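Report on the structure given below.
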Number of protein chains: 2
Amino acid sequence: MMSPESMDTVFQALGNAQRRRMLDFVKNHPGCAVGEVAAGFDVSRVAVMRHLAVLEEAGLIISDKRGRTRHLYMNVVPIQMIHDRWSSEYSAMWAGRVLDIKYLAEQRTAEYPDAPDRAASVTHLPGERKGQT
Amino acid sequence: MMSPESMDTVFQALGNAQRRRMLDFVKNHPGCAVGEVAAGFDVSRVAVMRHLAVLEEAGLIISDKRGRTRHLYMNVVPIQMIHDRWSSEYSAMWAGRVLDIKYLAEQRTAEYPDAPDRAASVTHLPGERKGQT
DNA sequence: TCCACATGTAATATATGCATTACATATTCG
DNA sequence: CGAATATGTAATGCATATATTACATGTGGA
């Protein structure tokens, strides 16, 4: 089982594009060194180390120091955990959710004719601004 | 397609246990009011509103104000997006990753006999402390 | 109308996040 | 040994996150 704190650290680690890119680099270069990662990014080596530390604390990266070099590997287990949980928790919704909310919205609209029909917003993604369509 | 900024906001929104609980409440009480959510949590109503705003900015919640009441609905689309992306991006790894890293670790161990065998850590999850097993 | 209710906004305090530069430690190799 | 290399740590600045209390706005009903 995955504790709430673990999920916090994983989601927080993934909540930064720079960090996701670094994770991606490690994924595509298994066993790479810290410096190799740093070379591919436009921020200081210390910043890269901090990001890698966050990823490692989240369990998304595993490291292995040999001599003066620390080798990095991605660990998919935390992501897999979340993926599996989502599969079981939302699989039903993914089939019928849009229609469900549309149904609810229409129900409400019937009760309160002045209410805006929000069914169209169901497919909203962040980045778009609501109501601008 | 989902922009990196969108993923940032979604992951950041999910990176807080309190907020995930609120999202869960909305999921289980579709159409509930802000005050109803606040009643179930031990923080101030303003704090709850802030959390709901974060969730809404991430697209995870849709709201619909009628009269003086704002009704809340969960939107699974962003989570579904991430889920789908992960499915396609890591499906191969989920089958063979543990063995792959074990293989790599054993390779390295053979080259550098003093190196610790990290294969056992592959299933590491945050919250455990590495190397304690 | 007037009051109660549901929500929204302002001002504020403290903690965490993300980046920097400068310095320290440890390891390899001539 | 001593210099180059790879990584780690310390001190710091600035922005964002999370929470609070006090006050404002808008809506519904007796």
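The way I read the labels, and the way they are meant: chains A, B, ... in the order of the structure tokens, residue 1 as the first residue of every chain, and ligand 1 as the first ligand shown, with later ones counted on from there.
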
> Any idea which chain D residues end up within 9 Å of chain B if we count only C-alpha atoms (C1' of nucleotides), as a ChimeraX atom specification please?
Replying inline: /D:18-20,26-28

>> Quick one: residues within 12 Å of stretch 17-23 of chain C, only C-alpha atoms (C1' of nucleotides), excluding same-chain residues fewer than 6 positions away - as a ChimeraX atom specification?
In response: /A:12-13,15-16,18-19,42-51,54 /D:8-17

What does the file look like for those residues with N, CA, C and O atoms (P, O5', C5', C4', C3', O3' and C1' of nucleotides), as a short mmCIF file (atom, residue, chain, number, x, y, z; two decimals), in the first residue's frame?
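Below is the file that was written, selection.cif:
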data_model
loop_
_atom_site.label_atom_id
_atom_site.label_comp_id
_atom_site.auth_asym_id
_atom_site.auth_seq_id
_atom_site.Cartn_x
_atom_site.Cartn_y
_atom_site.Cartn_z
N GLN A 12 4.51 15.76 -5.78
CA GLN A 12 5.27 17.00 -5.71
C GLN A 12 6.52 16.92 -6.59
O GLN A 12 6.88 17.88 -7.27
N ALA A 13 7.15 15.75 -6.57
CA ALA A 13 8.34 15.58 -7.41
C ALA A 13 7.98 15.71 -8.89
O ALA A 13 8.72 16.31 -9.67
N GLY A 15 5.57 17.44 -10.05
CA GLY A 15 4.90 18.71 -10.30
C GLY A 15 5.83 19.81 -10.76
O GLY A 15 5.56 21.00 -10.56
N ASN A 16 6.90 19.45 -11.40
CA ASN A 16 7.87 20.43 -11.90
C ASN A 16 8.42 19.92 -13.23
O ASN A 16 9.00 18.84 -13.30
N GLN A 18 10.86 20.84 -15.18
CA GLN A 18 12.31 20.65 -15.23
C GLN A 18 12.66 19.28 -14.64
O GLN A 18 13.44 18.53 -15.22
N ARG A 19 12.03 18.99 -13.51
CA ARG A 19 12.33 17.74 -12.82
C ARG A 19 11.84 16.55 -13.63
O ARG A 19 12.52 15.52 -13.72
N ASP A 42 20.10 23.77 -18.26
CA ASP A 42 20.61 25.14 -18.27
C ASP A 42 20.67 25.75 -16.87
O ASP A 42 20.85 26.95 -16.73
N VAL A 43 20.52 24.93 -15.84
CA VAL A 43 20.61 25.46 -14.48
C VAL A 43 21.90 24.95 -13.84
O VAL A 43 22.58 24.09 -14.39
N SER A 44 22.21 25.48 -12.67
CA SER A 44 23.45 25.11 -12.01
C SER A 44 23.45 23.65 -11.60
O SER A 44 22.39 23.04 -11.41
N ARG A 45 24.63 23.12 -11.43
CA ARG A 45 24.76 21.72 -11.02
C ARG A 45 24.11 21.49 -9.66
O ARG A 45 23.48 20.45 -9.43
N VAL A 46 24.19 22.46 -8.78
CA VAL A 46 23.59 22.32 -7.46
C VAL A 46 22.07 22.21 -7.58
O VAL A 46 21.44 21.41 -6.89
N ALA A 47 21.50 23.02 -8.47
CA ALA A 47 20.05 22.94 -8.69
C ALA A 47 19.67 21.56 -9.21
O ALA A 47 18.68 20.97 -8.75
N VAL A 48 20.48 21.05 -10.13
CA VAL A 48 20.21 19.71 -10.66
C VAL A 48 20.27 18.67 -9.54
O VAL A 48 19.41 17.80 -9.44
N MET A 49 21.28 18.79 -8.69
CA MET A 49 21.42 17.85 -7.58
C MET A 49 20.20 17.89 -6.68
O MET A 49 19.72 16.85 -6.20
N ARG A 50 19.70 19.11 -6.41
CA ARG A 50 18.51 19.26 -5.58
C ARG A 50 17.33 18.53 -6.23
O ARG A 50 16.61 17.79 -5.56
N HIS A 51 17.15 18.75 -7.54
CA HIS A 51 16.05 18.08 -8.24
C HIS A 51 16.20 16.56 -8.15
O HIS A 51 15.23 15.85 -7.89
N VAL A 54 15.20 15.34 -4.79
CA VAL A 54 13.74 15.29 -4.64
C VAL A 54 13.19 14.04 -5.31
O VAL A 54 12.35 13.32 -4.74
P DG D 8 26.50 13.31 -4.60
"O5'" DG D 8 27.02 14.29 -3.44
"C5'" DG D 8 27.98 13.81 -2.50
"C4'" DG D 8 28.28 14.88 -1.45
"C3'" DG D 8 27.05 15.53 -0.84
"O3'" DG D 8 27.21 15.56 0.58
"C1'" DG D 8 28.50 17.19 -1.65
P DT D 9 26.06 16.08 1.53
"O5'" DT D 9 26.55 17.55 1.90
"C5'" DT D 9 27.81 17.73 2.53
"C4'" DT D 9 28.02 19.18 2.88
"C3'" DT D 9 26.83 19.86 3.57
"O3'" DT D 9 27.33 20.55 4.71
"C1'" DT D 9 27.54 21.14 1.72
P DA D 10 26.34 21.30 5.69
"O5'" DA D 10 26.62 22.83 5.35
"C5'" DA D 10 27.91 23.26 4.96
"C4'" DA D 10 27.99 24.77 4.96
"C3'" DA D 10 26.87 25.48 5.70
"O3'" DA D 10 27.40 26.67 6.29
"C1'" DA D 10 26.76 26.04 3.41
P DA D 11 26.45 27.60 7.22
"O5'" DA D 11 26.14 28.82 6.23
"C5'" DA D 11 27.20 29.40 5.50
"C4'" DA D 11 26.68 30.52 4.62
"C3'" DA D 11 25.54 31.32 5.24
"O3'" DA D 11 25.76 32.71 4.96
"C1'" DA D 11 24.86 30.48 3.16
P DT D 12 24.69 33.82 5.54
"O5'" DT D 12 23.76 34.06 4.26
"C5'" DT D 12 24.39 34.30 2.99
"C4'" DT D 12 23.36 34.39 1.90
"C3'" DT D 12 22.09 35.17 2.24
"O3'" DT D 12 22.06 36.34 1.45
"C1'" DT D 12 21.63 33.23 0.97
P DG D 13 20.92 37.44 1.69
"O5'" DG D 13 20.04 37.32 0.36
"C5'" DG D 13 20.68 37.29 -0.91
"C4'" DG D 13 19.62 37.18 -2.00
"C3'" DG D 13 18.35 37.99 -1.74
"O3'" DG D 13 17.95 38.61 -2.97
"C1'" DG D 13 17.80 35.70 -1.95
P DC D 14 16.75 39.65 -2.97
"O5'" DC D 14 15.58 38.77 -3.60
"C5'" DC D 14 15.80 38.06 -4.82
"C4'" DC D 14 14.64 37.14 -5.07
"C3'" DC D 14 13.27 37.78 -4.83
"O3'" DC D 14 12.48 37.52 -5.98
"C1'" DC D 14 13.41 35.73 -3.70
P DA D 15 11.01 38.13 -6.12
"O5'" DA D 15 10.12 36.80 -6.29
"C5'" DA D 15 10.56 35.80 -7.23
"C4'" DA D 15 9.73 34.55 -7.05
"C3'" DA D 15 8.23 34.77 -7.00
"O3'" DA D 15 7.61 33.81 -7.83
"C1'" DA D 15 8.94 33.65 -5.04
P DT D 16 6.06 33.85 -8.08
"O5'" DT D 16 5.53 32.65 -7.15
"C5'" DT D 16 6.15 31.37 -7.30
"C4'" DT D 16 5.65 30.45 -6.21
"C3'" DT D 16 4.13 30.39 -6.05
"O3'" DT D 16 3.77 29.02 -6.11
"C1'" DT D 16 5.19 30.69 -3.96
P DA D 17 2.30 28.53 -5.80
"O5'" DA D 17 2.38 28.07 -4.27
"C5'" DA D 17 3.36 27.10 -3.92
"C4'" DA D 17 3.02 26.50 -2.58
"C3'" DA D 17 1.55 26.20 -2.34
"O3'" DA D 17 1.48 25.02 -1.55
"C1'" DA D 17 2.30 27.79 -0.75
#

>> So that I can check the surroundings of D:DT7, please list as a list in words every protein, DNA and RNA residue that reaches within 9 Å of it, counting only C-alpha atoms (C1' of nucleotides) and ignoring chain neighbours fewer than 3 positions away.
In response: Val34, Gly35, Arg68, Thr69 and Arg70 of chain A; DT25 and DA26 of chain C

Taking only C-alpha atoms (C1' of nucleotides) into account, produce a table as JSON lines in which each residue of chain C with an atom at most 9 Å from an atom of chain B appears once, together with its shortest atom pair and the distance in Å to one decimal, ordered by chain and rising number.
{"residue": "C:DC5", "atom": "C1'", "partner": "B:Arg68", "partner_atom": "CA", "distance": 8.7}
{"residue": "C:DA6", "atom": "C1'", "partner": "B:Arg68", "partner_atom": "CA", "distance": 5.6}
{"residue": "C:DT7", "atom": "C1'", "partner": "B:Arg68", "partner_atom": "CA", "distance": 6.8}

Save out the residues we just selected, C-alpha atoms (C1' of nucleotides), as a PDB file, in the first residue's frame.
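What ended up in part.pdb:
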ATOM      1  C1'  DC C   5     -26.726  32.319   4.929  1.00  0.00           C
ATOM      2  C1'  DA C   6     -23.158  31.055   1.313  1.00  0.00           C
ATOM      3  C1'  DT C   7     -19.514  32.669  -0.734  1.00  0.00           C
TER       4       DT C   7
END

> Can you tell me how far atom CA of A:Leu23 sits from atom CA of A:Leu60, in Å to one decimal?
Replying inline: 7.8 Å

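Relative to atom CA of B:Ile79, atom CA of A:Trp94 is found at 9.7 Å.
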
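If you measure from each of B:Phe41, B:Phe25, B:Tyr73, B:Phe11 to chain A using only C-alpha atoms, the closest one turns out to be B:Phe11.
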
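Separating atom CA of B:Ala38 from atom C1' of C:DC3 is a distance of 23.4 Å.
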
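Taking only C-alpha atoms into account, chain B lies nearest to A:Leu14 out of the set A:Cys32, A:Ala39, A:Leu14, A:Ala53.
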